[in-house]
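Novice: Take a look at coords-v1.txt, compact mmCIF, C-alpha atoms:
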```
# COMPACT_ATOMS: atom_id res chain seq x y z
CA MET R 1 15.01 140.61 173.79
CA SER R 2 12.61 143.02 172.29
CA ASN R 3 10.87 145.32 174.73
CA THR R 4 8.43 146.77 172.22
CA LYS R 5 5.53 144.90 173.83
CA LYS R 6 4.39 144.73 177.42
CA THR R 7 6.66 143.31 180.10
CA THR R 8 6.06 143.27 183.83
CA THR R 9 8.70 144.04 186.42
CA THR R 10 8.54 143.35 190.15
CA LYS R 11 9.95 145.79 192.66
CA LYS R 12 13.10 143.76 193.22
CA GLY R 13 14.15 143.16 189.64
CA LEU R 14 12.44 139.98 188.45
CA THR R 15 11.15 140.76 184.98
CA LEU R 16 8.60 138.64 183.17
CA HIS R 17 8.90 138.93 179.38
CA LEU R 18 5.83 137.73 177.48
CA GLU R 19 6.44 139.55 174.19
CA ASN R 20 7.80 136.39 172.56
CA ALA R 21 4.99 134.19 173.83
CA VAL R 22 1.56 135.78 174.00
CA ASP R 23 -0.16 139.13 173.63
CA VAL R 24 -1.17 140.06 177.18
CA LYS R 25 -4.53 141.21 175.83
CA GLU R 26 -5.33 137.53 175.33
CA LEU R 27 -5.04 137.01 179.08
CA LYS R 28 -7.79 139.47 180.04
CA GLU R 29 -10.39 136.71 179.99
CA TYR R 30 -8.69 135.18 183.03
CA SER R 31 -9.06 138.26 185.22
CA LYS R 32 -12.22 137.25 187.08
CA ARG R 33 -11.10 133.67 187.80
CA VAL R 34 -7.66 134.83 188.92
CA LYS R 35 -9.21 137.21 191.43
CA GLU R 36 -11.48 134.48 192.81
CA ILE R 37 -8.70 131.88 193.02
CA ASN R 38 -6.32 134.34 194.66
CA GLU R 39 -8.88 135.04 197.37
CA GLY R 40 -9.29 131.32 197.88
CA ILE R 41 -5.54 130.82 198.26
CA ASN R 42 -5.22 133.70 200.71
CA ASN R 43 -8.25 132.58 202.74
CA LYS R 44 -7.32 128.87 202.41
CA THR R 45 -10.80 127.88 201.26
CA LEU R 46 -10.01 126.01 198.02
CA ARG R 47 -9.64 122.32 197.26
CA GLY R 48 -6.66 120.93 199.14
CA ASN R 49 -6.70 123.88 201.55
CA ASP R 50 -5.25 121.73 204.35
CA PHE R 51 -1.94 121.86 202.44
CA LEU R 52 -1.82 125.61 201.84
CA GLY R 53 0.50 126.23 204.76
CA TRP R 54 3.35 127.07 202.39
CA SER R 55 1.49 130.13 201.07
CA ASP R 56 2.23 132.27 204.14
CA TYR R 57 5.08 130.21 205.64
CA PRO R 58 7.79 132.78 204.80
CA LYS R 59 5.97 135.05 207.26
CA THR R 60 4.72 132.54 209.85
CA TYR R 61 7.75 130.25 210.09
CA ASN R 62 9.07 129.20 213.48
CA LYS R 63 11.74 131.79 214.29
CA ALA R 64 13.20 129.74 217.15
CA GLU R 65 13.61 126.71 214.90
CA VAL R 66 15.46 128.77 212.29
CA GLU R 67 17.86 130.02 214.95
CA GLN R 68 18.41 126.43 216.07
CA ILE R 69 19.06 125.38 212.47
CA ILE R 70 21.70 128.10 212.12
CA GLN R 71 23.43 126.96 215.34
CA ASP R 72 23.31 123.28 214.36
CA ALA R 73 24.59 124.04 210.85
CA LYS R 74 27.56 125.83 212.42
CA TYR R 75 28.24 122.77 214.55
CA VAL R 76 28.20 120.53 211.47
CA ARG R 77 30.53 122.83 209.54
CA GLU R 78 32.99 122.87 212.42
CA ASN R 79 33.02 119.11 213.05
CA TYR R 80 32.30 117.25 209.80
CA ASP R 81 33.54 117.05 206.22
CA VAL R 82 30.32 115.75 204.66
CA LEU R 83 26.58 116.03 205.27
CA VAL R 84 24.64 113.12 203.82
CA VAL R 85 21.06 114.23 203.10
CA CYS R 86 18.69 111.26 202.94
CA GLY R 87 15.52 112.26 201.13
CA ILE R 88 13.65 111.91 197.87
CA GLY R 89 11.43 114.19 195.77
CA GLY R 90 10.46 117.30 197.68
CA SER R 91 12.70 116.18 200.53
CA TYR R 92 15.85 116.95 198.57
CA LEU R 93 15.18 118.63 195.22
CA GLY R 94 14.66 122.14 196.58
CA ALA R 95 17.74 122.12 198.77
CA ARG R 96 19.87 120.67 195.99
CA ALA R 97 18.61 123.25 193.51
CA VAL R 98 19.44 126.15 195.83
CA ILE R 99 22.81 124.80 196.96
CA GLU R 100 24.07 124.10 193.43
CA ALA R 101 22.70 127.34 192.00
CA LEU R 102 24.30 129.50 194.70
CA THR R 103 27.53 127.64 195.53
CA GLY R 104 28.33 125.87 192.26
CA ILE R 105 28.65 122.28 191.12
CA LYS R 106 32.25 121.76 192.18
CA LYS R 107 32.96 121.94 195.92
CA ARG R 108 35.61 124.54 196.74
CA ASP R 109 35.43 124.77 200.52
CA GLY R 110 33.20 123.98 203.47
CA VAL R 111 31.11 120.89 204.10
CA GLU R 112 30.33 118.74 201.09
CA ILE R 113 26.62 117.98 200.68
CA ILE R 114 25.82 114.51 199.29
CA PHE R 115 22.23 113.62 198.41
CA PHE R 116 21.31 110.01 199.12
CA GLY R 117 18.06 108.10 199.48
CA ASN R 118 16.76 109.42 196.16
CA THR R 119 17.23 106.20 194.17
CA PHE R 120 17.35 102.41 194.44
CA SER R 121 20.50 102.34 192.29
CA PRO R 122 22.93 99.80 193.83
CA ASN R 123 25.83 101.38 191.95
CA TYR R 124 25.19 104.84 193.39
CA ALA R 125 24.60 103.48 196.90
CA TYR R 126 27.87 101.55 196.84
CA GLN R 127 29.77 104.57 195.54
CA VAL R 128 28.38 106.89 198.22
CA LEU R 129 29.15 104.44 201.01
CA ASP R 130 32.64 103.81 199.68
CA TYR R 131 33.29 107.55 199.36
CA ILE R 132 32.25 108.49 202.91
CA LYS R 133 33.64 105.46 204.78
CA ASP R 134 36.85 107.27 205.76
CA LYS R 135 35.34 110.75 206.14
CA ARG R 136 33.80 112.57 209.07
CA PHE R 137 30.14 112.72 208.12
CA ALA R 138 26.81 113.78 209.58
CA ILE R 139 23.34 112.75 208.43
CA ASN R 140 20.17 114.71 207.75
CA VAL R 141 17.30 112.25 207.24
CA ILE R 142 14.10 113.79 205.87
CA SER R 143 10.79 111.91 205.85
CA LYS R 144 7.38 112.83 207.23
CA SER R 145 6.45 109.22 207.87
CA GLY R 146 9.86 107.65 208.27
CA THR R 147 8.84 104.80 205.99
CA THR R 148 9.64 106.22 202.53
CA THR R 149 11.44 103.22 201.06
CA GLU R 150 14.33 104.85 199.21
CA THR R 151 15.04 107.20 202.10
CA SER R 152 14.67 104.57 204.81
CA VAL R 153 17.02 102.13 203.07
CA ALA R 154 19.64 104.86 202.62
CA PHE R 155 19.32 106.00 206.23
CA ARG R 156 19.69 102.45 207.51
CA LEU R 157 22.89 102.07 205.47
CA VAL R 158 24.58 105.32 206.49
CA LYS R 159 23.41 105.15 210.09
CA GLY R 160 24.91 101.68 210.43
CA MET R 161 28.19 102.87 208.94
CA LEU R 162 28.26 105.94 211.19
CA GLU R 163 27.57 103.92 214.35
CA GLN R 164 30.29 101.46 213.40
CA GLN R 165 32.70 104.31 212.67
CA VAL R 166 32.24 106.46 215.80
CA GLY R 167 30.00 104.48 218.13
CA LYS R 168 26.30 104.82 218.82
CA LYS R 169 26.61 107.61 221.38
CA ALA R 170 28.67 109.89 219.12
CA ALA R 171 26.50 108.99 216.12
CA ARG R 172 23.44 110.41 217.86
CA LYS R 173 25.05 113.87 217.83
CA ALA R 174 25.65 113.61 214.08
CA ILE R 175 22.10 112.69 213.07
CA PHE R 176 19.49 115.37 212.36
CA ALA R 177 15.92 114.29 211.55
CA THR R 178 13.34 116.41 209.72
CA THR R 179 9.96 114.77 210.17
CA ASP R 180 6.44 115.03 211.58
CA LYS R 181 6.03 116.99 214.80
CA GLU R 182 4.31 114.21 216.73
CA LYS R 183 3.99 110.89 214.91
CA GLY R 184 5.59 108.44 212.50
CA ALA R 185 8.43 105.93 212.54
CA LEU R 186 11.19 108.51 212.16
CA LYS R 187 9.78 110.73 214.89
CA GLU R 188 9.58 107.71 217.19
CA GLU R 189 13.19 106.73 216.48
CA ALA R 190 14.45 110.29 216.84
CA THR R 191 12.76 110.64 220.23
CA LYS R 192 14.07 107.29 221.41
CA GLU R 193 17.65 107.91 220.25
CA GLY R 194 17.81 111.61 221.05
CA TYR R 195 18.43 112.95 217.55
CA ARG R 196 18.00 116.65 216.92
CA THR R 197 14.65 117.03 215.16
CA TYR R 198 13.10 119.67 212.93
CA VAL R 199 9.48 119.85 211.91
CA LEU R 200 7.90 119.30 208.52
CA PRO R 201 4.55 121.05 209.12
CA ASP R 202 1.33 119.09 208.65
CA ASP R 203 -0.05 121.68 206.22
CA VAL R 204 3.00 121.77 203.90
CA GLY R 205 3.50 119.05 201.28
CA GLY R 206 6.93 117.80 200.28
CA ARG R 207 7.31 119.65 196.98
CA TYR R 208 6.28 122.90 198.69
CA SER R 209 8.63 122.40 201.65
CA VAL R 210 11.82 124.17 200.53
CA PHE R 211 11.18 127.08 202.93
CA THR R 212 10.83 124.74 205.92
CA ALA R 213 13.62 122.86 207.70
CA VAL R 214 13.55 120.38 204.80
CA GLY R 215 15.43 122.91 202.68
CA LEU R 216 16.83 125.26 205.31
CA PHE R 217 19.08 122.88 207.23
CA PRO R 218 21.10 121.55 204.23
CA MET R 219 21.30 125.10 202.86
CA ALA R 220 22.59 126.47 206.15
CA VAL R 221 25.22 123.72 206.34
CA ALA R 222 26.27 124.70 202.81
CA GLY R 223 26.88 128.25 204.07
CA ILE R 224 23.80 129.91 202.56
CA ASN R 225 22.15 132.74 204.51
CA ILE R 226 18.74 131.18 205.14
CA LYS R 227 17.31 134.32 206.76
CA THR R 228 18.02 136.25 203.56
CA PHE R 229 16.51 133.37 201.57
CA LEU R 230 13.32 133.60 203.65
CA THR R 231 13.27 137.40 203.32
CA GLY R 232 13.24 137.02 199.53
CA ALA R 233 10.39 134.55 199.77
CA ARG R 234 8.47 136.88 202.06
CA LYS R 235 8.82 139.73 199.55
CA ALA R 236 7.56 137.42 196.80
CA MET R 237 4.61 136.46 198.98
CA LYS R 238 3.74 140.13 199.37
CA ASP R 239 4.18 140.86 195.65
CA THR R 240 2.21 137.86 194.36
CA ASN R 241 -0.76 137.57 196.69
CA ASN R 242 -2.89 140.18 194.93
CA GLY R 243 -5.54 139.19 192.42
CA ASP R 244 -4.98 142.00 189.94
CA LEU R 245 -3.84 140.21 186.80
CA LYS R 246 -2.65 143.46 185.22
CA THR R 247 -0.01 144.03 187.89
CA ASN R 248 0.84 140.50 189.04
CA PRO R 249 3.52 138.84 186.85
CA CYS R 250 3.23 135.58 188.76
CA TYR R 251 -0.39 135.16 187.72
CA GLN R 252 0.33 136.43 184.22
CA TYR R 253 2.81 133.59 183.91
CA ALA R 254 0.28 131.08 185.30
CA CYS R 255 -2.37 132.25 182.83
CA THR R 256 0.12 132.13 179.97
CA ARG R 257 0.73 128.47 180.79
CA ASP R 258 -3.00 127.76 180.70
CA TYR R 259 -3.31 129.73 177.46
CA MET R 260 -0.55 127.61 175.89
CA LEU R 261 -2.25 124.40 176.97
CA ASN R 262 -5.51 125.57 175.39
CA HIS R 263 -3.74 126.59 172.17
CA GLY R 264 -2.05 123.38 171.15
CA LYS R 265 0.96 123.15 173.45
CA SER R 266 1.42 120.09 175.64
CA VAL R 267 4.99 120.56 176.90
CA GLU R 268 6.64 123.36 178.88
CA MET R 269 10.43 123.28 178.60
CA PHE R 270 12.24 124.97 181.48
CA VAL R 271 15.50 126.40 180.19
CA SER R 272 18.56 127.97 181.79
CA TYR R 273 21.95 129.00 180.47
CA GLU R 274 24.01 127.88 183.47
CA LEU R 275 24.95 124.29 184.31
CA GLN R 276 24.62 125.01 188.01
CA TYR R 277 20.97 125.98 187.49
CA THR R 278 20.06 122.55 186.09
CA GLN R 279 18.66 121.37 189.41
CA ILE R 280 16.25 124.32 189.51
CA ALA R 281 14.56 122.74 186.50
CA GLU R 282 14.53 119.36 188.25
CA TRP R 283 12.72 120.97 191.18
CA LEU R 284 10.30 122.67 188.79
CA LYS R 285 9.56 119.40 187.01
CA GLN R 286 8.34 117.85 190.25
CA LEU R 287 6.54 121.00 191.38
CA PHE R 288 4.54 121.36 188.16
CA GLY R 289 4.30 117.73 187.10
CA GLU R 290 3.06 116.37 190.43
CA SER R 291 0.80 119.35 191.11
CA GLU R 292 -0.97 119.48 187.72
CA GLY R 293 -0.72 116.03 186.15
CA LYS R 294 -4.12 114.68 187.16
CA GLU R 295 -7.43 113.78 185.54
CA LYS R 296 -5.66 113.61 182.15
CA LYS R 297 -4.81 117.31 182.40
CA GLY R 298 -1.72 119.49 182.58
CA LEU R 299 1.41 120.44 180.67
CA PHE R 300 4.28 117.96 180.64
CA PRO R 301 7.32 119.63 182.29
CA ALA R 302 10.61 119.10 180.48
CA SER R 303 13.95 120.86 180.77
CA GLY R 304 17.07 121.89 178.92
CA THR R 305 20.35 123.54 179.85
CA PHE R 306 21.59 125.69 176.98
CA SER R 307 23.81 125.95 175.10
CA THR R 308 24.69 122.33 176.04
CA ASP R 309 21.33 120.82 175.07
CA LEU R 310 21.09 122.86 171.88
CA HIS R 311 23.59 120.35 170.46
CA SER R 312 21.19 117.49 171.18
CA LEU R 313 17.66 118.94 171.25
CA GLY R 314 18.10 122.15 169.27
CA GLN R 315 17.08 120.63 165.96
CA PHE R 316 13.83 119.25 167.39
CA ILE R 317 12.98 122.48 169.20
CA GLN R 318 13.56 124.50 166.04
CA GLU R 319 11.85 122.28 163.46
CA GLY R 320 10.25 119.30 165.20
CA THR R 321 6.65 118.63 166.24
CA PRO R 322 5.34 121.99 167.53
CA LEU R 323 4.27 120.71 170.92
CA LEU R 324 6.27 122.86 173.30
CA PHE R 325 6.91 126.34 174.58
CA GLU R 326 9.90 127.48 176.62
CA THR R 327 10.13 129.16 180.00
CA ILE R 328 13.64 130.57 180.23
CA ILE R 329 15.24 131.60 183.51
CA TYR R 330 17.99 134.03 182.62
CA VAL R 331 20.33 135.67 185.13
CA ASN R 332 22.21 138.72 183.88
CA LYS R 333 25.16 138.75 186.26
CA PRO R 334 26.97 135.46 186.91
CA LYS R 335 28.65 134.93 190.26
CA ASP R 336 31.96 134.20 188.54
CA ASP R 337 33.36 134.96 185.09
CA VAL R 338 36.39 134.31 182.88
CA ILE R 339 38.03 136.24 180.05
CA ILE R 340 38.84 134.68 176.68
CA PRO R 341 42.57 135.07 175.96
CA LYS R 342 44.33 135.95 172.71
CA GLU R 343 46.25 133.17 170.98
CA ARG R 344 49.19 133.96 168.73
CA HIS R 345 48.32 131.80 165.71
CA ASP R 346 44.52 131.97 166.06
CA LEU R 347 44.09 128.49 164.54
CA ASP R 348 40.65 128.14 166.11
CA GLY R 349 39.60 131.56 164.78
CA LEU R 350 38.55 132.86 168.18
CA ASN R 351 40.76 135.94 168.42
CA TYR R 352 37.77 138.06 167.46
CA LEU R 353 36.55 137.29 170.99
CA LYS R 354 39.82 138.07 172.75
CA GLY R 355 39.32 140.06 175.91
CA GLN R 356 35.61 139.29 176.04
CA ARG R 357 34.04 137.77 179.14
CA LEU R 358 32.42 134.37 178.72
CA SER R 359 29.23 135.86 180.15
CA TYR R 360 29.08 138.09 177.05
CA VAL R 361 29.25 135.04 174.77
CA ASN R 362 26.62 133.28 176.87
CA ARG R 363 24.33 136.30 176.60
CA LYS R 364 24.65 136.39 172.82
CA ALA R 365 23.92 132.65 172.67
CA PHE R 366 20.75 133.34 174.66
CA GLU R 367 19.69 136.25 172.46
CA GLY R 368 20.45 134.40 169.23
CA THR R 369 18.61 131.28 170.36
CA LEU R 370 15.62 133.28 171.54
CA GLU R 371 15.33 134.94 168.14
CA ALA R 372 15.77 131.63 166.30
CA HIS R 373 13.17 129.77 168.34
CA THR R 374 10.54 132.49 168.29
CA SER R 375 10.98 132.99 164.54
CA GLY R 376 10.60 129.21 164.23
CA GLY R 377 7.22 129.39 165.96
CA VAL R 378 8.26 128.37 169.48
CA PRO R 379 6.69 130.67 172.10
CA CYS R 380 9.27 131.76 174.68
CA VAL R 381 8.52 133.14 178.14
CA VAL R 382 11.56 134.77 179.76
CA ILE R 383 11.93 135.26 183.51
CA GLU R 384 14.90 137.58 183.89
CA LEU R 385 16.84 138.23 187.09
CA GLU R 386 19.64 140.72 187.56
CA LYS R 387 21.55 138.28 189.78
CA LEU R 388 20.89 135.06 191.65
CA ASP R 389 21.70 135.26 195.35
CA ALA R 390 19.95 133.92 198.45
CA TYR R 391 17.36 136.72 198.39
CA ASN R 392 16.47 136.35 194.72
CA MET R 393 16.50 132.57 194.98
CA GLY R 394 13.91 132.72 197.74
CA TYR R 395 11.89 135.14 195.66
CA LEU R 396 12.06 132.96 192.54
CA LEU R 397 11.04 129.71 194.22
CA TYR R 398 8.06 131.30 195.94
CA PHE R 399 7.08 132.92 192.63
CA PHE R 400 6.89 129.46 191.02
CA MET R 401 5.02 127.89 193.95
CA ARG R 402 2.36 130.59 193.80
CA ALA R 403 2.20 130.22 190.02
CA VAL R 404 1.65 126.47 190.09
CA ALA R 405 -1.13 126.83 192.65
CA MET R 406 -2.90 129.28 190.35
CA SER R 407 -2.23 127.09 187.29
CA ALA R 408 -3.62 123.96 188.93
CA TYR R 409 -6.73 125.72 190.17
CA LEU R 410 -7.30 127.10 186.66
CA LEU R 411 -7.27 123.43 185.54
CA ASP R 412 -9.69 122.61 188.37
CA VAL R 413 -7.37 120.04 189.95
CA ASN R 414 -6.03 119.79 193.50
CA PRO R 415 -2.46 121.14 193.44
CA PHE R 416 -1.45 119.32 196.61
CA ASP R 417 -2.19 115.62 196.25
CA GLN R 418 -0.51 112.94 194.12
CA PRO R 419 -2.77 109.87 194.03
CA GLY R 420 -1.13 108.47 190.90
CA VAL R 421 2.24 108.12 192.63
CA GLU R 422 0.84 105.56 195.06
CA ILE R 423 0.04 103.02 192.31
CA TYR R 424 3.64 102.11 191.47
CA LYS R 425 4.46 101.85 195.17
CA LYS R 426 1.70 99.33 195.79
CA ASN R 427 2.84 97.22 192.84
CA MET R 428 6.47 97.38 193.99
CA PHE R 429 5.61 96.43 197.57
CA HIS R 430 3.56 93.47 196.32
CA LEU R 431 6.47 92.22 194.19
CA LEU R 432 8.88 92.68 197.10
CA GLY R 433 6.61 90.65 199.37
CA LYS R 434 5.82 93.43 201.87
CA LYS R 435 3.14 92.38 204.33
CA GLY R 436 -0.30 93.72 203.43
CA TYR R 437 0.46 94.14 199.71
```
Show the structure stored in the file as structure tokens.

Specialist:
Amino acid sequence: MSNTKKTTTTKKGLTLHLENAVDVKELKEYSKRVKEINEGINNKTLRGNDFLGWSDYPKTYNKAEVEQIIQDAKYVRENYDVLVVCGIGGSYLGARAVIEALTGIKKRDGVEIIFFGNTFSPNYAYQVLDYIKDKRFAINVISKSGTTTETSVAFRLVKGMLEQQVGKKAARKAIFATTDKEKGALKEEATKEGYRTYVLPDDVGGRYSVFTAVGLFPMAVAGINIKTFLTGARKAMKDTNNGDLKTNPCYQYACTRDYMLNHGKSVEMFVSYELQYTQIAEWLKQLFGESEGKEKKGLFPASGTFSTDLHSLGQFIQEGTPLLFETIIYVNKPKDDVIIPKERHDLDGLNYLKGQRLSYVNRKAFEGTLEAHTSGGVPCVVIELEKLDAYNMGYLLYFFMRAVAMSAYLLDVNPFDQPGVEIYKKNMFHLLGKKGY
């Protein structure tokens, strides 16, 4: 990456590179609006303000609940082989993104986390049930209302299997419900049956809930230090809640997105160079797509994992319809690495790389692709991290949540509702014969 133009670095090592996307001078026109919107976010006076609880949650979170989560996660790790997380959308994407990014795709030790209730697929449901039938498993069911169809069906299936396997009394100790504090079908059942419950706050929407028990309990069971995760988010909150566009990389990124939309781009492609970061992009696609895609406005969020997807989408990105820009999340130091060995006959011609770490090759693929795409006219924003651990993961996710709030308010849409999602549900319920539809 060239550093001949302006870049912005946070105090803890997240660097925003805009030199291959936009001249920061072009963003000056946003300064006044950014200051006004930032004040509105901090004071919770803007449209949708009743769902701005996430904005200071890393500071105001329930300390006693977090301690309880840590204790309960320890109990699960000591007594079960699998945790089945029943949730969809914001009720699972954040936790899955963090767990895979920090612990890897392939389970090596500890409790296996299986995500269920995120699809109507009969094949997947059968496979999950068949896989866990002879295992010791616990359940974390996540739903504010307790009536989310995908989640409720999955919970009914695994709860029935668990009760049949160990009995109803023992099953109660293995079920953990994250739901509304006072009302809803799941809260009612949890109270009646005596399940351990955690709270999804009234002022935090699903896709902004990763810092609540929604994300924290599965992460803690996976062995992630959730206090460190929250500390990273708290530092990001402190770094990003100022309205000075010159010094705030989060808002520079948000304004760059708006600039792209107003200069012919309709797609933002989130890119990483690690397979275990793929779910971060899935979380981002919901965060940005559901927050901004209203009133015929917003960028379409897409994703790619390079170099893998360069062998399928690379041609289009390089020379296809110029409708997209890239936002690349690049981590300098991988958690693990391997060295390329020397081979006697060198039939594959790779001995020139002997002794090199695969991270070196991956870095050169990133640098070469960045140069190719920018020279081909594709703007590329780079968000660079020195390493990705619990602290930096918390920082990164809060950074994006604050950015999408700013982006949506720049579009003059409510970042926290999703009226369009309800239309397909009504049609589906009618076709299924649900009473009232």

Novice: Ranking R:Thr147, R:Leu102, R:Gln318, R:Glu422 by minimum distance to Ile280 in chain R and counting all atoms listed in the file, which one comes first?

Specialist: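 Of R:Thr147, R:Leu102, R:Gln318, R:Glu422, the one nearest Ile280 in chain R, counting all atoms listed in the file, is R:Leu102.
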
Novice: Between R:Leu14, R:Leu323, R:Leu83, R:Ala125, which one has atoms that come closest to Tyr391 in chain R, using all atoms listed in the file?

Specialist: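 That would be R:Leu14, the residue with the smallest distance to Tyr391 in chain R.
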
Novice: Which residue gives the smallest distance to Ile105 in chain R among R:Tyr126, R:Phe137, R:Tyr195, R:Tyr277, with all atoms listed in the file counted?

Specialist: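 Nearest candidate to Ile105 in chain R out of R:Tyr126, R:Phe137, R:Tyr195, R:Tyr277: R:Tyr277.
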
Novice: Restricting the calculation to only C-alpha atoms, which member of R:Tyr259, R:Phe116, R:Tyr92, R:Tyr198 is positioned closest to Leu411 in chain R?

Specialist: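 Smallest separation from Leu411 in chain R among the options: R:Tyr259.
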
Novice: Calculated over only C-alpha atoms, which of the candidates R:Lys25, R:Lys183, R:Lys44, R:Arg234 has the smallest distance to Thr60 in chain R?

Specialist: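 Among the listed residues, R:Arg234 lies closest to Thr60 in chain R.
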
Novice: Can you work out the spacing between CA of Gly206 in chain R and CA of Phe51 in chain R in Å, to one decimal?

Specialist: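 Those two atoms sit 10.0 Å apart.
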
Novice: Please, what distance in Å, to one decimal, runs between CA of Gly48 in chain R and CA of Ile99 in chain R?

Specialist: 29.8 Å

Novice: What is the distance, in Å and to one decimal place, between CA of Tyr124 in chain R and CA of Val141 in chain R?

Specialist: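 Going from CA of Tyr124 in chain R over to CA of Val141 in chain R, I get 17.6 Å.
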
Novice: Which residues are near range 32-39 of chain R? Cut-off 7 Å, all atoms listed in the file, ignore same chain within fewer than 3 positions. Put them as a list in words.

Specialist: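 Listing them by chain and then by number gives Asn42, Asn43, Asn241, Asn242, Gly243, Asp244, Leu245 and Met406 of chain R.
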
Novice: Let me see the file: selected residues, C-alpha atoms, as a short mmCIF file (atom, residue, chain, number, x, y, z; two decimals), keeping the file's coordinate frame.

Specialist:
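Result written to selection.cif:
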```cif
data_model
loop_
_atom_site.label_atom_id
_atom_site.label_comp_id
_atom_site.auth_asym_id
_atom_site.auth_seq_id
_atom_site.Cartn_x
_atom_site.Cartn_y
_atom_site.Cartn_z
CA ASN R 42 -5.22 133.70 200.71
CA ASN R 43 -8.25 132.58 202.74
CA ASN R 241 -0.76 137.57 196.69
CA ASN R 242 -2.89 140.18 194.93
CA GLY R 243 -5.54 139.19 192.42
CA ASP R 244 -4.98 142.00 189.94
CA LEU R 245 -3.84 140.21 186.80
CA MET R 406 -2.90 129.28 190.35
#
```

Novice: Mind checking which residues fall within 8 Å of Thr240 in chain R, counting only C-alpha atoms, ignoring those fewer than 5 positions away in the same chain, and posting them as a list in words?

Specialist: Asn248, Pro249, Cys250, Tyr251, Phe399 and Arg402 of chain R

Novice: I'd like to know which of R:Cys255, R:Ala281, R:Tyr437, R:Ala390 is closest to Val22 in chain R, using all atoms listed in the file.

Specialist: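 The shortest atom-to-atom distance to Val22 in chain R comes from R:Cys255.
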
Novice: Please produce range 70-74 of chain R, completed to all heavy atoms, as a compact mmCIF listing (two decimals), keeping the file's coordinate frame.

Specialist:
```
# COMPACT_ATOMS: atom_id res chain seq x y z
N ILE R 70 20.46 127.36 212.36
CA ILE R 70 21.70 128.10 212.12
C ILE R 70 22.80 127.63 213.08
O ILE R 70 23.95 127.43 212.68
CB ILE R 70 21.44 129.62 212.25
CG1 ILE R 70 20.55 130.09 211.11
CG2 ILE R 70 22.76 130.39 212.26
CD1 ILE R 70 20.04 131.51 211.25
N GLN R 71 22.45 127.44 214.35
CA GLN R 71 23.43 126.96 215.34
C GLN R 71 23.90 125.54 215.00
O GLN R 71 25.10 125.24 215.06
CB GLN R 71 22.81 126.97 216.73
CG GLN R 71 22.57 128.36 217.29
CD GLN R 71 21.98 128.31 218.70
OE1 GLN R 71 22.24 127.39 219.47
NE2 GLN R 71 21.17 129.30 219.02
N ASP R 72 22.96 124.66 214.67
CA ASP R 72 23.31 123.28 214.36
C ASP R 72 24.14 123.19 213.08
O ASP R 72 25.05 122.35 212.97
CB ASP R 72 22.05 122.42 214.23
CG ASP R 72 21.36 122.21 215.57
OD1 ASP R 72 22.02 122.38 216.62
OD2 ASP R 72 20.16 121.88 215.57
N ALA R 73 23.82 124.02 212.10
CA ALA R 73 24.59 124.04 210.85
C ALA R 73 26.03 124.46 211.13
O ALA R 73 26.97 123.90 210.54
CB ALA R 73 23.94 124.98 209.85
N LYS R 74 26.21 125.41 212.03
CA LYS R 74 27.56 125.83 212.42
C LYS R 74 28.31 124.69 213.06
O LYS R 74 29.50 124.45 212.78
CB LYS R 74 27.46 127.02 213.38
CG LYS R 74 28.80 127.62 213.81
CD LYS R 74 28.56 128.88 214.64
CE LYS R 74 29.88 129.55 215.05
NZ LYS R 74 30.62 128.75 216.06
```
